[in-house]
Amino acid sequence: MTPPLFEYLLRLGDDRLVLGHRLSEWCGHGPILEEDIATANLSLDLLGQATLFLRLAGQVEGSGRDEDALAYWRDENQFRNLQLVELPRGDFGFTTMRQFLFDAWSFHLLEALSRSTHAGLAAIAAKAHKENRYHLRHSSEWVLRLGDGTGESHARMQAALDELWPWTGELWYQDGVDATLRADGVVPDLDPLRALWDAMAKEVISRATLTLPRGPMRMTGGRAGRHTEHLGHMLAEMQIVARSHPGAKW
Amino acid sequence: MTAPSSDQWPLWEVFTQPPGGEPHQHAGSVHAPDAEMALQNARDTYARRGEAVSIWVVQSSAITASSPEDRGPFFDPGNDKPYRHPQFYKVPRGGGSE
């Protein structure tokens, strides 16, 4: 049985590592130069946050694994990220809508984590929260413009929202790991955050003239290491250099 | 929102204020569909590494500029007529401010 805090830090780190990698796939392919730069910046912020969470995870585990060992030498079923973040990047509308839904969730989670009784976790969460406030501003402004834009941009944003919505159920997944850490005030209860997220999402989505889907939520499994077929392909690309040249420095 | 009239978004000039409190200086330009996105693009392009504490953006078309051909008539005439500069006149000591 792995320590609950190690497990929880993997969740936080892997969400950001995987989403950061998905965003980095836009580098050189952005819809316009300025947005290409902005997307790469968001990606670098997320990779920086993943580095801090995974480094702390390695320290908590105490087996000598650092953030690189955790990022590059774990296999698919050892990743603890949400399935939402591993889905392929899709078109710019899909990337933007996913980013908004994740940023809004992250906003409330990181804010709560910055009050953690674990000083190291609270410090990383506070730094990440500061970055995330800008991410949320960027993604929500894009949702407004593309949703309330042309006929085509509206249709693409609605399609993205319809496709992504069922995957957001996993944002609220909690298990024994959360319960143990919650008892010590290390992590927050996600249930009260859900109403805040709902209100934020509804407000932006309705201002963007989009319609909130009502469909059922999908089965979840990311936190237990069960993933879609997409994560394996992504990890193969992300990990191949580190695994082909173990210990290489540059 | 109205659709842009061409494929290219409008150009915005970016002015950033350094942390020391100096006046805003021209940093460069960005394309953006509107002022808020221009501000965000300017932040990502010119102010991500702590270079600025404040950003102004203004649509480039809103700037009226002198043209290169005006250089002579606009800027030269003062140089060969020193009496046009206030420093040309010697003011008696103590008589400058009444």
# chains A, B, ... in the order shown; residues from 1 in each chain; ligands from 1
call {"tool": "select_by_dssp", "arguments": {"residues": "chain B", "states": "strand (DSSP E)", "output": "PyMOL selection string"}}
result
chain B and resi 11-17+25-31+54-59
call {"tool": "interface_residues", "arguments": {"of": "chain B", "to": "chain A", "cutoff": "9 Å", "atoms": "only C-alpha atoms", "output": "NGL selection string"}}
result
:B and (1-3 or 30-32 or 36-37 or 40-45 or 48)
call {"tool": "write_last_selection", "arguments": {"atoms": "N, CA and C atoms", "output": "PDB file, in the first residue's frame"}}
result
ATOM      1  N   MET B   1     -20.117  39.682 -31.325  1.00  0.00           N
ATOM      2  CA  MET B   1     -18.853  40.092 -31.947  1.00  0.00           C
ATOM      3  C   MET B   1     -19.024  40.201 -33.452  1.00  0.00           C
ATOM      4  N   THR B   2     -18.403  41.189 -34.043  1.00  0.00           N
ATOM      5  CA  THR B   2     -18.428  41.274 -35.494  1.00  0.00           C
ATOM      6  C   THR B   2     -17.219  40.539 -36.054  1.00  0.00           C
ATOM      7  N   ALA B   3     -17.430  39.889 -37.173  1.00  0.00           N
ATOM      8  CA  ALA B   3     -16.335  39.138 -37.780  1.00  0.00           C
ATOM      9  C   ALA B   3     -15.307  40.108 -38.355  1.00  0.00           C
ATOM     10  N   VAL B  30       1.509  43.184 -31.551  1.00  0.00           N
ATOM     11  CA  VAL B  30       0.877  41.866 -31.626  1.00  0.00           C
ATOM     12  C   VAL B  30      -0.388  41.970 -32.466  1.00  0.00           C
ATOM     13  N   HIS B  31      -0.831  40.838 -33.000  1.00  0.00           N
ATOM     14  CA  HIS B  31      -2.148  40.763 -33.625  1.00  0.00           C
ATOM     15  C   HIS B  31      -3.137  40.236 -32.583  1.00  0.00           C
ATOM     16  N   ALA B  32      -4.354  40.751 -32.614  1.00  0.00           N
ATOM     17  CA  ALA B  32      -5.381  40.269 -31.690  1.00  0.00           C
ATOM     18  C   ALA B  32      -6.738  40.738 -32.191  1.00  0.00           C
ATOM     19  N   GLU B  36      -8.873  43.037 -25.061  1.00  0.00           N
ATOM     20  CA  GLU B  36      -8.535  42.079 -23.997  1.00  0.00           C
ATOM     21  C   GLU B  36      -7.545  41.028 -24.496  1.00  0.00           C
ATOM     22  N   MET B  37      -7.788  40.501 -25.698  1.00  0.00           N
ATOM     23  CA  MET B  37      -6.871  39.484 -26.217  1.00  0.00           C
ATOM     24  C   MET B  37      -5.525  40.121 -26.587  1.00  0.00           C
ATOM     25  N   GLN B  40      -3.595  40.148 -23.433  1.00  0.00           N
ATOM     26  CA  GLN B  40      -3.092  38.813 -23.091  1.00  0.00           C
ATOM     27  C   GLN B  40      -1.941  38.405 -24.011  1.00  0.00           C
ATOM     28  N   ASN B  41      -2.092  38.685 -25.312  1.00  0.00           N
ATOM     29  CA  ASN B  41      -1.007  38.340 -26.238  1.00  0.00           C
ATOM     30  C   ASN B  41       0.253  39.137 -25.926  1.00  0.00           C
ATOM     31  N   ALA B  42       0.063  40.399 -25.546  1.00  0.00           N
ATOM     32  CA  ALA B  42       1.208  41.244 -25.191  1.00  0.00           C
ATOM     33  C   ALA B  42       1.897  40.695 -23.954  1.00  0.00           C
ATOM     34  N   ARG B  43       1.098  40.259 -22.989  1.00  0.00           N
ATOM     35  CA  ARG B  43       1.663  39.665 -21.766  1.00  0.00           C
ATOM     36  C   ARG B  43       2.481  38.425 -22.113  1.00  0.00           C
ATOM     37  N   ASP B  44       1.941  37.578 -22.988  1.00  0.00           N
ATOM     38  CA  ASP B  44       2.643  36.333 -23.317  1.00  0.00           C
ATOM     39  C   ASP B  44       3.869  36.567 -24.185  1.00  0.00           C
ATOM     40  N   THR B  45       3.829  37.638 -24.972  1.00  0.00           N
ATOM     41  CA  THR B  45       4.943  37.873 -25.896  1.00  0.00           C
ATOM     42  C   THR B  45       6.037  38.740 -25.280  1.00  0.00           C
ATOM     43  N   ARG B  48       6.474  38.041 -20.008  1.00  0.00           N
ATOM     44  CA  ARG B  48       6.283  36.801 -19.258  1.00  0.00           C
ATOM     45  C   ARG B  48       7.382  36.576 -18.224  1.00  0.00           C
TER      46      ARG B  48
END
call {"tool": "select_by_dssp", "arguments": {"residues": "region 17-194 of chain A", "states": "alpha helix (DSSP H)", "output": "ChimeraX atom specification"}}
result
/A:17-24,33-61,67-72,83-86,92-113,119-147,151-164,176-183,191-194
call {"tool": "residues_around", "arguments": {"residues": "Asp178 (chain A)", "least_positions_apart": "2", "cutoff": "10 Å", "atoms": "only C-alpha atoms", "output": "ChimeraX atom specification"}}
result
/A:4-5,7-8,173-176,180-183,186-190
call {"tool": "residues_around", "arguments": {"residues": "Gln78 (chain A)", "least_positions_apart": "3", "cutoff": "8 Å", "atoms": "only C-alpha atoms", "output": "list in words"}}
result
Arg74, Asp75 and Gly225 of chain A
call {"tool": "residues_around", "arguments": {"residues": "region 5-20 of chain B", "least_positions_apart": "2", "cutoff": "8 Å", "atoms": "only C-alpha atoms", "output": "PyMOL selection string"}}
result
chain B and resi 3+22-34+38+42+46-47+50-61
call {"tool": "write_last_selection", "arguments": {"atoms": "C-alpha atoms", "output": "PDB file, in the first residue's frame"}}
result
ATOM      1  CA  ALA B   3     -16.335  39.138 -37.780  1.00  0.00           C
ATOM      2  CA  GLU B  22      10.053  54.298 -15.571  1.00  0.00           C
ATOM      3  CA  PRO B  23       7.512  55.499 -18.138  1.00  0.00           C
ATOM      4  CA  HIS B  24       5.897  52.980 -20.487  1.00  0.00           C
ATOM      5  CA  GLN B  25       8.076  52.199 -23.474  1.00  0.00           C
ATOM      6  CA  HIS B  26       7.214  50.749 -26.847  1.00  0.00           C
ATOM      7  CA  ALA B  27       7.934  46.999 -26.718  1.00  0.00           C
ATOM      8  CA  GLY B  28       6.604  45.827 -30.087  1.00  0.00           C
ATOM      9  CA  SER B  29       3.317  44.789 -31.616  1.00  0.00           C
ATOM     10  CA  VAL B  30       0.877  41.866 -31.626  1.00  0.00           C
ATOM     11  CA  HIS B  31      -2.148  40.763 -33.625  1.00  0.00           C
ATOM     12  CA  ALA B  32      -5.381  40.269 -31.690  1.00  0.00           C
ATOM     13  CA  PRO B  33      -9.146  40.320 -32.333  1.00  0.00           C
ATOM     14  CA  ASP B  34      -9.850  42.830 -29.552  1.00  0.00           C
ATOM     15  CA  ALA B  38      -4.284  42.070 -27.291  1.00  0.00           C
ATOM     16  CA  ALA B  42       1.208  41.244 -25.191  1.00  0.00           C
ATOM     17  CA  TYR B  46       6.647  40.731 -24.051  1.00  0.00           C
ATOM     18  CA  ALA B  47       6.112  40.418 -20.307  1.00  0.00           C
ATOM     19  CA  GLY B  50       8.982  39.868 -15.141  1.00  0.00           C
ATOM     20  CA  GLU B  51       9.889  42.579 -17.637  1.00  0.00           C
ATOM     21  CA  ALA B  52       6.839  44.685 -16.875  1.00  0.00           C
ATOM     22  CA  VAL B  53       4.448  45.750 -14.142  1.00  0.00           C
ATOM     23  CA  SER B  54       1.965  47.423 -16.472  1.00  0.00           C
ATOM     24  CA  ILE B  55       0.994  47.053 -20.128  1.00  0.00           C
ATOM     25  CA  TRP B  56      -0.788  49.407 -22.493  1.00  0.00           C
ATOM     26  CA  VAL B  57      -2.086  48.296 -25.857  1.00  0.00           C
ATOM     27  CA  VAL B  58      -3.442  50.579 -28.532  1.00  0.00           C
ATOM     28  CA  GLN B  59      -4.648  49.665 -31.981  1.00  0.00           C
ATOM     29  CA  SER B  60      -1.939  50.652 -34.432  1.00  0.00           C
ATOM     30  CA  SER B  61      -4.451  52.394 -36.689  1.00  0.00           C
TER      31      SER B  61
END
call {"tool": "residues_around", "arguments": {"residues": "region 208-219 of chain A", "least_positions_apart": "2", "cutoff": "8 Å", "atoms": "only C-alpha atoms", "output": "ChimeraX atom specification"}}
result
/A:143-148,154,157-158,161-162,165-170,202,204-206,221
call {"tool": "atom_distance", "arguments": {"atom1": "CA of Leu10 (chain A)", "atom2": "CA of Gln239 (chain A)"}}
result
16.9 Å
call {"tool": "atom_distance", "arguments": {"atom1": "CA of Gly151 (chain A)", "atom2": "CA of Trp197 (chain A)"}}
result
27.3 Å
